$ cat model16.txt   # compact mmCIF, C-alpha atoms
# COMPACT_ATOMS: atom_id res chain seq x y z
CA MET F 1 -62.59 -42.17 12.78
CA ILE F 2 -64.47 -44.13 10.17
CA ASP F 3 -66.07 -41.92 7.55
CA LYS F 4 -67.39 -43.65 4.44
CA VAL F 5 -68.73 -40.39 3.04
CA VAL F 6 -66.53 -39.28 0.15
CA SER F 7 -66.34 -35.67 -0.89
CA SER F 8 -66.95 -35.98 -4.61
CA LEU F 9 -68.65 -38.14 -7.19
CA ALA F 10 -65.28 -38.74 -8.84
CA ALA F 11 -63.93 -40.12 -5.55
CA ALA F 12 -67.04 -42.30 -5.21
CA VAL F 13 -66.38 -44.18 -8.47
CA GLU F 14 -62.58 -44.15 -8.31
CA GLY F 15 -60.90 -47.42 -9.19
CA ILE F 16 -63.73 -49.08 -11.15
CA ARG F 17 -61.91 -51.19 -13.72
CA ASP F 18 -62.64 -52.09 -17.31
CA GLY F 19 -64.47 -55.40 -17.54
CA SER F 20 -66.12 -55.01 -14.12
CA THR F 21 -69.53 -56.43 -13.24
CA ILE F 22 -71.64 -53.58 -11.93
CA MET F 23 -75.02 -53.83 -10.24
CA VAL F 24 -77.20 -50.78 -10.75
CA GLY F 25 -80.21 -50.31 -8.47
CA GLY F 26 -83.54 -48.97 -9.59
CA PHE F 27 -86.87 -50.07 -10.97
CA GLY F 28 -87.44 -47.84 -13.96
CA THR F 29 -86.12 -44.51 -12.74
CA ALA F 30 -87.20 -45.00 -9.09
CA GLY F 31 -84.01 -45.71 -7.17
CA MET F 32 -81.76 -45.14 -10.19
CA PRO F 33 -78.45 -43.65 -8.93
CA PHE F 34 -78.26 -40.99 -11.63
CA ALA F 35 -75.34 -39.02 -10.20
CA LEU F 36 -73.18 -42.15 -9.74
CA ILE F 37 -73.90 -43.29 -13.30
CA GLY F 38 -72.96 -39.81 -14.50
CA ALA F 39 -69.70 -40.11 -12.57
CA LEU F 40 -69.05 -43.55 -14.07
CA LEU F 41 -69.54 -42.05 -17.54
CA GLU F 42 -66.84 -39.49 -16.72
CA GLN F 43 -64.61 -42.08 -15.07
CA GLY F 44 -64.37 -44.07 -18.28
CA ALA F 45 -64.54 -47.79 -17.34
CA ARG F 46 -65.70 -49.90 -20.28
CA GLU F 47 -66.48 -53.48 -21.30
CA LEU F 48 -68.83 -53.57 -18.33
CA THR F 49 -71.36 -56.22 -17.40
CA VAL F 50 -74.38 -54.49 -15.89
CA VAL F 51 -76.93 -56.18 -13.61
CA SER F 52 -80.11 -54.13 -13.34
CA ASN F 53 -83.85 -54.75 -13.55
CA ASN F 54 -84.31 -52.66 -16.69
CA ALA F 55 -82.03 -51.69 -19.53
CA GLY F 56 -82.31 -47.93 -19.30
CA ASN F 57 -85.06 -45.37 -19.80
CA GLY F 58 -84.91 -42.40 -22.15
CA ASP F 59 -81.42 -41.02 -22.73
CA THR F 60 -80.18 -40.59 -19.16
CA GLY F 61 -78.75 -42.79 -16.44
CA LEU F 62 -78.18 -46.36 -17.53
CA ALA F 63 -79.35 -45.51 -21.06
CA ALA F 64 -76.54 -42.95 -21.37
CA LEU F 65 -73.98 -45.57 -20.30
CA LEU F 66 -75.34 -47.92 -22.96
CA ALA F 67 -75.38 -45.17 -25.60
CA GLN F 68 -71.66 -44.59 -25.01
CA ARG F 69 -71.03 -48.29 -25.75
CA ARG F 70 -69.55 -48.93 -22.35
CA VAL F 71 -71.63 -52.00 -21.60
CA ARG F 72 -70.77 -55.37 -23.12
CA LYS F 73 -73.53 -57.38 -21.46
CA ILE F 74 -76.65 -56.69 -19.46
CA ILE F 75 -78.36 -59.09 -17.06
CA CYS F 76 -81.93 -57.93 -16.48
CA SER F 77 -85.58 -58.96 -16.32
CA PHE F 78 -87.38 -56.30 -18.32
CA PRO F 79 -85.35 -54.53 -21.00
CA ARG F 80 -88.24 -53.67 -23.31
CA GLN F 81 -90.06 -50.51 -22.30
CA PRO F 82 -91.72 -47.67 -24.19
CA ASP F 83 -88.59 -45.54 -23.71
CA SER F 84 -85.84 -48.17 -23.99
CA GLN F 85 -84.84 -47.05 -27.49
CA VAL F 86 -81.10 -47.00 -26.70
CA PHE F 87 -81.06 -50.63 -25.59
CA ASP F 88 -83.46 -51.72 -28.36
CA ALA F 89 -81.19 -50.33 -31.09
CA LEU F 90 -78.04 -51.92 -29.61
CA TYR F 91 -79.80 -55.27 -29.16
CA ARG F 92 -81.16 -55.34 -32.70
CA ALA F 93 -77.69 -54.46 -34.02
CA LYS F 94 -76.27 -57.32 -31.87
CA GLN F 95 -73.98 -54.86 -30.12
CA ILE F 96 -74.98 -55.85 -26.62
CA GLU F 97 -75.39 -59.25 -25.01
CA LEU F 98 -78.59 -59.87 -23.04
CA GLU F 99 -79.12 -62.42 -20.28
CA LEU F 100 -82.84 -62.31 -19.56
CA VAL F 101 -83.71 -63.45 -16.02
CA PRO F 102 -87.16 -63.64 -14.42
CA GLN F 103 -87.32 -60.84 -11.87
CA GLY F 104 -87.66 -63.10 -8.84
CA ASN F 105 -84.75 -65.25 -9.99
CA LEU F 106 -82.72 -62.08 -10.50
CA ALA F 107 -83.49 -61.00 -6.92
CA ALA F 108 -82.82 -64.48 -5.52
CA ARG F 109 -79.55 -64.86 -7.43
CA ILE F 110 -78.38 -61.50 -6.09
CA GLN F 111 -79.44 -62.50 -2.56
CA ALA F 112 -77.62 -65.82 -2.93
CA GLY F 113 -74.53 -63.95 -4.07
CA GLY F 114 -74.69 -61.70 -1.04
CA ALA F 115 -75.37 -64.53 1.39
CA GLY F 116 -72.63 -66.89 0.21
CA ILE F 117 -75.04 -69.51 -1.18
CA GLY F 118 -73.50 -71.72 -3.89
CA ALA F 119 -76.67 -72.29 -5.93
CA PHE F 120 -80.37 -72.91 -5.33
CA TYR F 121 -83.44 -74.56 -6.83
CA THR F 122 -86.24 -72.24 -7.89
CA PRO F 123 -89.67 -73.08 -9.32
CA THR F 124 -89.70 -69.95 -11.48
CA GLY F 125 -89.15 -70.56 -15.17
CA TYR F 126 -89.53 -74.34 -15.08
CA GLY F 127 -90.76 -75.61 -18.45
CA THR F 128 -90.10 -72.28 -20.17
CA PRO F 129 -87.43 -71.19 -22.67
CA LEU F 130 -85.61 -69.34 -19.86
CA ALA F 131 -84.81 -72.66 -18.17
CA GLU F 132 -83.60 -74.43 -21.30
CA GLY F 133 -80.39 -76.37 -20.72
CA LYS F 134 -80.53 -75.86 -16.97
CA GLU F 135 -80.46 -78.64 -14.41
CA THR F 136 -83.86 -79.45 -12.93
CA ARG F 137 -84.97 -81.50 -9.95
CA GLU F 138 -88.24 -82.69 -8.46
CA ILE F 139 -88.49 -81.88 -4.76
CA ASP F 140 -91.59 -82.91 -2.80
CA GLY F 141 -93.52 -83.40 -6.03
CA ARG F 142 -92.67 -80.03 -7.50
CA GLN F 143 -90.28 -79.16 -10.33
CA TYR F 144 -87.38 -76.77 -9.77
CA VAL F 145 -84.56 -75.24 -11.83
CA LEU F 146 -80.98 -74.87 -10.56
CA GLU F 147 -79.82 -71.25 -10.58
CA TYR F 148 -76.46 -69.78 -9.64
CA PRO F 149 -75.71 -66.63 -7.66
CA ILE F 150 -74.78 -63.28 -9.14
CA ARG F 151 -72.00 -61.29 -7.49
CA ALA F 152 -70.53 -58.01 -8.61
CA ASP F 153 -67.37 -55.97 -8.31
CA VAL F 154 -69.37 -52.83 -7.68
CA ALA F 155 -72.97 -51.94 -6.79
CA LEU F 156 -74.25 -48.44 -7.48
CA ILE F 157 -77.39 -47.79 -5.45
CA LYS F 158 -79.60 -44.88 -4.41
CA ALA F 159 -80.72 -44.46 -0.80
CA GLN F 160 -82.40 -41.57 0.95
CA THR F 161 -80.29 -41.03 4.07
CA ALA F 162 -76.96 -42.36 5.36
CA ASP F 163 -74.68 -41.87 8.33
CA ARG F 164 -70.88 -41.92 8.11
CA TRP F 165 -70.78 -45.64 8.96
CA GLY F 166 -72.80 -46.35 5.81
CA ASN F 167 -76.10 -47.32 7.43
CA LEU F 168 -78.88 -46.61 4.95
CA VAL F 169 -82.59 -45.93 4.80
CA TYR F 170 -84.50 -45.62 1.54
CA ARG F 171 -87.51 -43.75 0.19
CA LYS F 172 -90.73 -45.53 -0.83
CA THR F 173 -90.43 -47.77 -3.90
CA ALA F 174 -86.96 -46.37 -4.67
CA ARG F 175 -85.79 -49.10 -2.24
CA ASN F 176 -86.39 -51.98 -4.72
CA PHE F 177 -83.05 -53.71 -5.54
CA GLY F 178 -80.82 -51.43 -3.42
CA PRO F 179 -80.70 -53.46 -0.19
CA ILE F 180 -80.04 -56.81 -1.89
CA MET F 181 -77.48 -55.44 -4.36
CA ALA F 182 -75.64 -53.82 -1.45
CA THR F 183 -74.98 -57.31 -0.06
CA ALA F 184 -73.72 -58.85 -3.31
CA ALA F 185 -70.94 -56.51 -4.42
CA ARG F 186 -67.35 -56.24 -3.21
CA CYS F 187 -67.68 -52.45 -3.28
CA THR F 188 -71.13 -50.94 -2.72
CA ILE F 189 -71.39 -47.23 -3.40
CA ALA F 190 -74.50 -45.44 -2.16
CA GLU F 191 -75.75 -42.15 -3.57
CA VAL F 192 -77.89 -40.46 -0.92
CA SER F 193 -79.97 -37.33 -0.54
CA ALA F 194 -78.83 -36.59 3.00
CA VAL F 195 -76.16 -37.58 5.53
CA VAL F 196 -76.96 -37.41 9.24
CA PRO F 197 -74.64 -37.68 12.25
CA LEU F 198 -74.13 -41.08 13.93
CA GLY F 199 -77.22 -41.78 16.00
CA GLY F 200 -79.36 -39.76 13.63
CA LEU F 201 -80.90 -42.87 12.07
CA ASP F 202 -83.39 -44.90 14.10
CA PRO F 203 -81.52 -48.22 14.57
CA GLU F 204 -84.86 -50.08 14.36
CA ALA F 205 -85.47 -48.56 10.93
CA VAL F 206 -82.03 -49.04 9.30
CA VAL F 207 -82.62 -51.11 6.14
CA THR F 208 -79.04 -51.62 4.97
CA PRO F 209 -76.49 -52.02 7.79
CA GLY F 210 -73.24 -50.23 7.07
CA ILE F 211 -71.23 -53.46 6.81
CA PHE F 212 -72.57 -53.79 3.26
CA VAL F 213 -71.57 -50.26 2.21
CA ARG F 214 -68.07 -49.11 1.25
CA ARG F 215 -68.62 -45.54 0.09
CA VAL F 216 -71.36 -42.93 0.47
CA VAL F 217 -71.75 -39.81 -1.62
CA CYS F 218 -74.28 -37.00 -1.29
CA PRO F 219 -74.27 -35.07 -4.58
CA ARG F 220 -74.90 -31.36 -4.61
CA GLU F 221 -78.07 -30.12 -6.27
CA GLY F 222 -76.20 -28.90 -9.36
CA GLU F 223 -74.42 -32.24 -9.82
CA LEU F 224 -77.75 -34.06 -9.61
CA ARG F 225 -79.40 -31.84 -12.20
CA ALA F 226 -76.44 -32.28 -14.51
CA ALA F 227 -76.68 -36.07 -14.17
CA VAL F 228 -80.39 -36.20 -14.89
CA VAL F 229 -80.38 -33.88 -17.90
CA ARG F 230 -77.12 -35.21 -19.28
CA MET Q 1 -130.03 -65.60 -30.06
CA THR Q 2 -127.40 -62.88 -30.07
CA PHE Q 3 -124.84 -62.12 -27.40
CA ARG Q 4 -122.69 -59.15 -26.59
CA ARG Q 5 -119.08 -59.44 -25.44
CA SER Q 6 -118.28 -57.94 -22.04
CA SER Q 7 -116.44 -54.62 -22.08
CA ARG Q 8 -113.05 -54.34 -20.39
CA GLU Q 9 -114.78 -52.60 -17.48
CA GLN Q 10 -117.39 -55.38 -17.17
CA MET Q 11 -114.63 -57.98 -17.16
CA ALA Q 12 -112.77 -56.05 -14.47
CA ALA Q 13 -115.91 -55.77 -12.35
CA ARG Q 14 -116.50 -59.52 -12.73
CA VAL Q 15 -112.96 -60.34 -11.56
CA ALA Q 16 -113.27 -57.86 -8.68
CA SER Q 17 -116.46 -59.54 -7.46
CA ASP Q 18 -114.44 -62.71 -6.69
CA ILE Q 19 -111.87 -60.90 -4.53
CA ARG Q 20 -112.80 -61.22 -0.90
CA GLU Q 21 -112.10 -59.23 2.23
CA GLY Q 22 -108.57 -59.71 3.56
CA MET Q 23 -107.06 -61.16 0.38
CA TYR Q 24 -103.52 -60.29 -0.67
CA VAL Q 25 -103.72 -59.62 -4.40
CA ASN Q 26 -101.36 -58.80 -7.26
CA LEU Q 27 -102.87 -57.26 -10.38
CA GLY Q 28 -100.68 -57.61 -13.48
CA ILE Q 29 -99.78 -54.85 -15.89
CA GLY Q 30 -102.36 -53.90 -18.53
CA LEU Q 31 -105.95 -55.17 -18.45
CA PRO Q 32 -105.73 -56.63 -14.90
CA THR Q 33 -104.78 -53.21 -13.48
CA LEU Q 34 -108.36 -52.13 -14.24
CA VAL Q 35 -109.66 -54.55 -11.60
CA GLY Q 36 -108.41 -52.16 -8.91
CA ASN Q 37 -111.03 -49.62 -9.98
CA PHE Q 38 -113.85 -52.06 -9.23
CA LEU Q 39 -112.87 -53.43 -5.81
CA PRO Q 40 -115.72 -52.64 -3.40
CA ARG Q 41 -114.73 -49.86 -1.03
CA ASP Q 42 -116.29 -51.64 1.94
CA ARG Q 43 -113.81 -54.54 1.64
CA GLU Q 44 -110.26 -54.32 2.96
CA ILE Q 45 -108.07 -55.87 0.27
CA PHE Q 46 -104.28 -55.70 0.22
CA LEU Q 47 -102.88 -54.83 -3.20
CA HIS Q 48 -99.28 -55.94 -3.72
CA SER Q 49 -96.91 -54.41 -6.25
CA GLU Q 50 -93.79 -56.36 -7.15
CA ASN Q 51 -91.56 -53.31 -6.77
CA GLY Q 52 -92.15 -53.31 -3.04
CA ILE Q 53 -95.62 -52.20 -1.93
CA LEU Q 54 -98.37 -53.77 0.14
CA GLY Q 55 -101.44 -51.62 0.62
CA MET Q 56 -101.11 -49.84 -2.70
CA GLY Q 57 -103.67 -47.11 -3.27
CA PRO Q 58 -105.07 -45.48 -6.41
CA ALA Q 59 -103.34 -42.98 -8.69
CA PRO Q 60 -102.60 -39.63 -7.01
CA ALA Q 61 -104.32 -36.39 -7.91
CA ALA Q 62 -102.60 -34.37 -10.65
CA GLY Q 63 -99.61 -32.57 -9.18
CA GLU Q 64 -99.34 -35.02 -6.24
CA GLU Q 65 -97.18 -37.58 -8.06
CA ASP Q 66 -94.00 -38.83 -6.35
CA PRO Q 67 -91.38 -40.33 -8.70
CA THR Q 68 -90.32 -42.70 -5.91
CA LEU Q 69 -93.86 -44.08 -5.48
CA ILE Q 70 -94.76 -46.08 -8.57
CA ASN Q 71 -96.40 -49.40 -9.44
CA ALA Q 72 -95.03 -52.33 -11.46
CA GLY Q 73 -96.14 -50.55 -14.64
CA LYS Q 74 -94.06 -47.55 -13.48
CA GLN Q 75 -97.12 -45.34 -13.11
CA PRO Q 76 -97.49 -43.07 -10.04
CA VAL Q 77 -99.62 -44.54 -7.25
CA THR Q 78 -100.35 -43.82 -3.58
CA LEU Q 79 -99.95 -45.76 -0.33
CA LEU Q 80 -102.97 -46.47 1.86
CA PRO Q 81 -102.72 -45.87 5.63
CA GLY Q 82 -101.19 -49.10 6.97
CA GLY Q 83 -99.39 -49.78 3.71
CA CYS Q 84 -95.67 -50.49 3.69
CA PHE Q 85 -92.55 -50.74 1.54
CA PHE Q 86 -89.97 -53.54 1.24
CA HIS Q 87 -87.12 -54.61 -1.04
CA HIS Q 88 -87.22 -56.97 -4.01
CA GLY Q 89 -86.06 -60.01 -2.06
CA ASP Q 90 -89.01 -59.74 0.32
CA SER Q 91 -91.40 -58.83 -2.47
CA PHE Q 92 -90.59 -61.94 -4.48
CA ALA Q 93 -90.63 -64.09 -1.34
CA MET Q 94 -94.26 -62.99 -1.01
CA MET Q 95 -94.86 -63.94 -4.64
CA ARG Q 96 -93.02 -67.25 -4.84
CA GLY Q 97 -93.52 -68.38 -1.30
CA GLY Q 98 -97.26 -68.77 -1.80
CA HIS Q 99 -98.20 -65.76 0.33
CA LEU Q 100 -100.38 -64.01 -2.25
CA ASP Q 101 -103.95 -65.29 -2.36
CA VAL Q 102 -104.64 -64.23 -5.93
CA CYS Q 103 -102.84 -62.83 -8.92
CA VAL Q 104 -104.59 -61.68 -12.07
CA LEU Q 105 -102.51 -61.78 -15.24
CA GLY Q 106 -103.06 -60.91 -18.87
CA ALA Q 107 -102.25 -63.56 -21.47
CA PHE Q 108 -101.59 -64.25 -25.13
CA GLN Q 109 -102.70 -67.87 -24.73
CA VAL Q 110 -103.83 -70.30 -22.05
CA SER Q 111 -104.05 -74.05 -22.62
CA HIS Q 112 -106.85 -76.22 -21.30
CA ARG Q 113 -104.31 -77.68 -18.84
CA GLY Q 114 -103.58 -74.23 -17.49
CA ASP Q 115 -100.29 -73.58 -19.28
CA LEU Q 116 -99.76 -69.83 -19.59
CA ALA Q 117 -98.07 -67.83 -22.37
CA ASN Q 118 -97.95 -64.11 -21.67
CA TRP Q 119 -94.40 -62.78 -21.97
CA HIS Q 120 -93.16 -63.26 -25.51
CA THR Q 121 -94.71 -63.77 -28.92
CA GLY Q 122 -91.62 -65.63 -30.07
CA ALA Q 123 -91.25 -63.25 -33.03
CA LEU Q 124 -87.60 -63.14 -34.08
CA ASP Q 125 -87.29 -59.35 -34.00
CA ALA Q 126 -89.15 -58.97 -30.70
CA ILE Q 127 -87.15 -57.78 -27.72
CA PRO Q 128 -87.91 -60.21 -24.91
CA ALA Q 129 -88.92 -58.99 -21.46
CA VAL Q 130 -90.29 -61.16 -18.67
CA GLY Q 131 -90.31 -59.11 -15.47
CA GLY Q 132 -92.13 -60.85 -12.65
CA ALA Q 133 -94.60 -62.81 -14.78
CA MET Q 134 -92.95 -66.21 -14.30
CA ASP Q 135 -92.71 -65.71 -10.54
CA LEU Q 136 -96.38 -64.79 -10.23
CA ALA Q 137 -97.43 -67.66 -12.49
CA ILE Q 138 -95.94 -70.29 -10.21
CA GLY Q 139 -96.15 -68.46 -6.91
CA ALA Q 140 -99.63 -67.13 -6.18
CA ARG Q 141 -102.10 -69.55 -4.59
CA GLN Q 142 -104.73 -68.78 -7.21
CA VAL Q 143 -103.51 -67.67 -10.64
CA CYS Q 144 -106.24 -66.08 -12.73
CA VAL Q 145 -106.04 -64.92 -16.30
CA MET Q 146 -108.07 -62.04 -17.66
CA MET Q 147 -108.11 -61.64 -21.42
CA GLU Q 148 -110.24 -61.34 -24.53
CA HIS Q 149 -111.52 -64.76 -25.55
CA THR Q 150 -110.26 -64.36 -29.12
CA THR Q 151 -107.54 -62.37 -30.87
CA LYS Q 152 -108.30 -59.37 -33.08
CA THR Q 153 -108.33 -61.76 -36.03
CA GLY Q 154 -110.78 -64.09 -34.31
CA GLU Q 155 -108.52 -66.93 -33.18
CA SER Q 156 -109.17 -68.52 -29.81
CA LYS Q 157 -106.70 -67.56 -27.08
CA ILE Q 158 -107.71 -70.70 -25.20
CA VAL Q 159 -105.88 -73.52 -26.91
CA GLU Q 160 -104.99 -77.19 -26.56
CA ARG Q 161 -101.30 -76.36 -26.63
CA CYS Q 162 -99.71 -72.89 -26.46
CA SER Q 163 -97.80 -71.95 -29.60
CA TYR Q 164 -96.15 -68.99 -27.87
CA PRO Q 165 -93.26 -69.50 -25.40
CA LEU Q 166 -94.56 -70.53 -21.96
CA THR Q 167 -94.55 -68.41 -18.82
CA GLY Q 168 -95.57 -71.27 -16.55
CA VAL Q 169 -96.73 -74.88 -16.77
CA ALA Q 170 -100.22 -75.90 -15.57
CA CYS Q 171 -100.47 -72.83 -13.34
CA VAL Q 172 -103.73 -71.10 -14.33
CA LYS Q 173 -106.77 -71.93 -12.19
CA ARG Q 174 -109.44 -69.60 -13.59
CA ILE Q 175 -109.89 -67.72 -16.89
CA TYR Q 176 -112.04 -64.59 -17.19
CA THR Q 177 -112.79 -63.60 -20.79
CA ASP Q 178 -115.20 -61.24 -22.49
CA LEU Q 179 -117.39 -64.29 -23.23
CA ALA Q 180 -117.14 -66.57 -20.20
CA VAL Q 181 -115.59 -67.55 -16.89
CA LEU Q 182 -113.86 -70.93 -16.99
CA ASP Q 183 -112.20 -73.04 -14.32
CA VAL Q 184 -109.17 -75.15 -15.20
CA LEU Q 185 -109.84 -78.49 -13.50
CA PRO Q 186 -107.74 -81.66 -13.65
CA GLU Q 187 -110.41 -83.19 -15.90
CA GLY Q 188 -110.59 -80.16 -18.22
CA LEU Q 189 -112.13 -76.72 -18.72
CA LYS Q 190 -115.36 -76.16 -16.88
CA VAL Q 191 -117.63 -73.32 -17.94
CA VAL Q 192 -118.66 -71.38 -14.83
CA GLU Q 193 -120.71 -68.77 -16.62
CA MET Q 194 -121.26 -67.19 -20.04
CA VAL Q 195 -122.38 -63.75 -21.20
CA GLU Q 196 -126.10 -63.43 -21.70
CA GLY Q 197 -127.36 -64.83 -24.97
CA LEU Q 198 -124.30 -66.98 -25.65
CA SER Q 199 -125.00 -70.69 -26.06
CA PHE Q 200 -122.66 -73.44 -24.89
CA ASP Q 201 -122.31 -74.65 -28.47
CA GLU Q 202 -121.37 -71.18 -29.69
CA LEU Q 203 -118.78 -70.81 -26.89
CA ALA Q 204 -117.38 -74.23 -27.77
CA ARG Q 205 -117.12 -73.12 -31.42
CA LEU Q 206 -115.14 -70.00 -30.36
CA THR Q 207 -112.80 -72.01 -28.09
CA ALA Q 208 -109.94 -74.05 -29.56
CA ALA Q 209 -109.88 -76.53 -26.67
CA PRO Q 210 -112.47 -78.99 -25.39
CA LEU Q 211 -114.97 -77.78 -22.77
CA LEU Q 212 -116.52 -80.00 -20.12
CA SER Q 213 -120.25 -80.05 -20.72
CA ALA Q 214 -121.22 -81.33 -17.27
CA GLY Q 215 -122.22 -78.95 -14.54
CA LEU Q 216 -123.66 -76.40 -16.93
CA ARG Q 217 -127.32 -75.38 -17.31
$ encode --input "model16.txt" --output "C-alpha cells"
Amino acid sequence: MIDKVVSSLAAAVEGIRDGSTIMVGGFGTAGMPFALIGALLEQGARELTVVSNNAGNGDTGLAALLAQRRVRKIICSFPRQPDSQVFDALYRAKQIELELVPQGNLAARIQAGGAGIGAFYTPTGYGTPLAEGKETREIDGRQYVLEYPIRADVALIKAQTADRWGNLVYRKTARNFGPIMATAARCTIAEVSAVVPLGGLDPEAVVTPGIFVRRVVCPREGELRAAVVR
Amino acid sequence: MTFRRSSREQMAARVASDIREGMYVNLGIGLPTLVGNFLPRDREIFLHSENGILGMGPAPAAGEEDPTLINAGKQPVTLLPGGCFFHHGDSFAMMRGGHLDVCVLGAFQVSHRGDLANWHTGALDAIPAVGGAMDLAIGARQVCVMMEHTTKTGESKIVERCSYPLTGVACVKRIYTDLAVLDVLPEGLKVVEMVEGLSFDELARLTAAPLLSAGLR
C-alpha cells in the first residue's frame, strides 16, 4: 500500500543535506509551510540555497531560517518588505547572496525546471539591469532574454488537503507557487491541514497530481502553533 | 490663471473612468490600488491579482479577514461571486501572454518614449525588489502609469531619458498625473487633457520632455 503521509515533521524533512537547493512556497505568509520550516530548523541542514518569492516576514518561517544563518543564497523576486528586517540586515552585512528575478521569470524558470525545458526566451526584463550579460534574441520583431530553468533538491509547500497518494488541493491565494514548485523538485514535501481517504478528493478539482509529491505531513495543532510563534 | 493639482482620489477616479465593461485589469501596488474604489458598480470589470486571483473584491469587513486571501500588496481582500484562484504559472501567463487589457502602475520616472522606471532608485544601500513589475510592464495590452507629475522637490517625473534603472523599454501607453493625461505616441507625448486653469505652456515648463502641441485646444 502506498502511503506518502509521514507520521512526524521530523520524518517529513529527514535526509535534507547541507548545500541543498530548497524551494519554499508562499507569497508573503499565505502558503508559507511554517511547520516544515520549523522542522528544517530542527533538522539542521545548512549552506542552503532557497528559492522563494519573498525573503521572509517578521521573525518566523523563512525569516527564522535566515536568522539562524542557514541560508547561503536566496533566489527571489521581492525581498524588501516592511517586515523583512532579518533579510535586510544580512544583505547589508553581505552575509547572504541575492539573485533577484522578476516574479514571472521566477515562475517560468520553475515551470521550465519541472517540465524538462532546457532554457527559454522571455520578454520580461529586456533592456533592464536584471538582463545584463544575458543572451538576447529578436523573435518576430520583439526582443527576448534567454533564461535557464531552476530545479531544486527539495520543495517545501503548503496545501489544504491531501490523500495518501499525494494528490493535493489548495486554499485560496495560499496556492501561489505551490503547484509549480511541486513539479521542479526531486523531493516535494507537502504540509497540509487535512488528509482524506483515497477518493475523498474530487478528481476534477485536484490541482497537484500525486506524481509530483513525495511526502505529506499533517502537523498537529500544537506543532503548528509552535512553528508560527517560534 | 491658477490651477489646482488633482488629489489622489481625483486621479484614481479619472483612471477608473477609462476602464470599460468586461476589461481584465491589474492595479499595481500603492497609488493604483485606489482606482478600485472608483470603478462604477454598474460595470462588470475583472480585477486580477498576480498572486492568483481573478474577480478580486474589496477589503473584507473587520473580523472577516482570511490570511489565505490577500492581494499583491499582501492586504486582505475578498473574492466576488464568479471569481477564481490559480497558481503563479497561470497568473503570469495571463500577464505576459497579453491577456490583461489594462494594467495601471506607479512610477518613479517615465520617458517620452514610454520607458518605465518604477522598481529601484539605484541607491547603493537600497535593497532591490522587483516583484511582478517587469512582467506587467511588457505583458499587458495597455500599460498605464499613474503618478504625481513632479517629485516632492519639484522635478519632473516625465523625462527624456530615465536616470533610474528601467523596468521596461517603450512600454507605457498612457500617463495619468495630477496635472494632465498624456498619451505616449510614436511621434511623442500628446496632451489629452489638463487640470482646469493649467496652460499648455505651464505644463510644458513642468515637464522635462517635449510635448506635442498639435491636437490640443
$ interface_residues --input "model16.txt" --of "chain F" --to "chain Q" --cutoff "6 Å" --atoms "only C-alpha atoms" --output "number ranges by chain"
F: 30, 77-80, 102-104, 107, 124-125, 128, 172-177
$ residues_around --input "model16.txt" --residues "Gln68 (chain F)" --least-positions-apart "3" --cutoff "10 Å" --atoms "all atoms listed in the file" --output "list in words"
Leu41, Gly44, Arg46, Ala63, Ala64, Leu65, Val71 and Val86 of chain F
$ residues_around --input "model16.txt" --residues "Phe200 (chain Q)" --least-positions-apart "2" --cutoff "12 Å" --atoms "all atoms listed in the file" --output "list in words"
Met1, Phe3, Leu179, Ala180, Lys190, Val191, Val192, Glu193, Met194, Val195, Glu196, Gly197, Leu198, Glu202, Leu203, Ala204, Arg205, Leu206, Thr207, Pro210, Leu211, Leu212, Ser213, Ala214, Gly215, Leu216 and Arg217 of chain Q
$ atom_distance --input "model16.txt" --atom1 "CA of Ile175 (chain Q)" --atom2 "CA of Val110 (chain Q)"
8.4 Å
$ residues_around --input "model16.txt" --residues "Leu98 (chain F)" --least-positions-apart "2" --cutoff "8 Å" --atoms "all atoms listed in the file" --output "PyMOL selection string"
chain F and resi 73-76+91+96+100
$ atom_distance --input "model16.txt" --atom1 "CA of Asp183 (chain Q)" --atom2 "CA of Asp42 (chain Q)"
27.2 Å
$ closest_residue --input "model16.txt" --among "Q:Cys103, Q:Glu148, Q:Gly154, Q:Asp201" --to "Gly28 (chain Q)" --atoms "only C-alpha atoms"
Q:Cys103
$ closest_residue --input "model16.txt" --among "F:Met181, F:Ile157, F:Leu168, F:Ala55" --to "Ala112 (chain F)" --atoms "all atoms listed in the file"
F:Met181
$ residues_around --input "model16.txt" --residues "Lys4 (chain F)" --least-positions-apart "6" --cutoff "12 Å" --atoms "all atoms listed in the file" --output "list in words"
Ala11, Ala12, Ala162, Asp163, Arg164, Trp165, Gly166, Asn167, Leu168, Cys187, Thr188, Ile189, Ala190, Glu191, Val195, Leu198, Gly210, Ile211, Phe212, Val213, Arg214, Arg215, Val216, Val217 and Cys218 of chain F
$ atom_distance --input "model16.txt" --atom1 "CA of Thr33 (chain Q)" --atom2 "CA of Gly57 (chain Q)"
11.9 Å
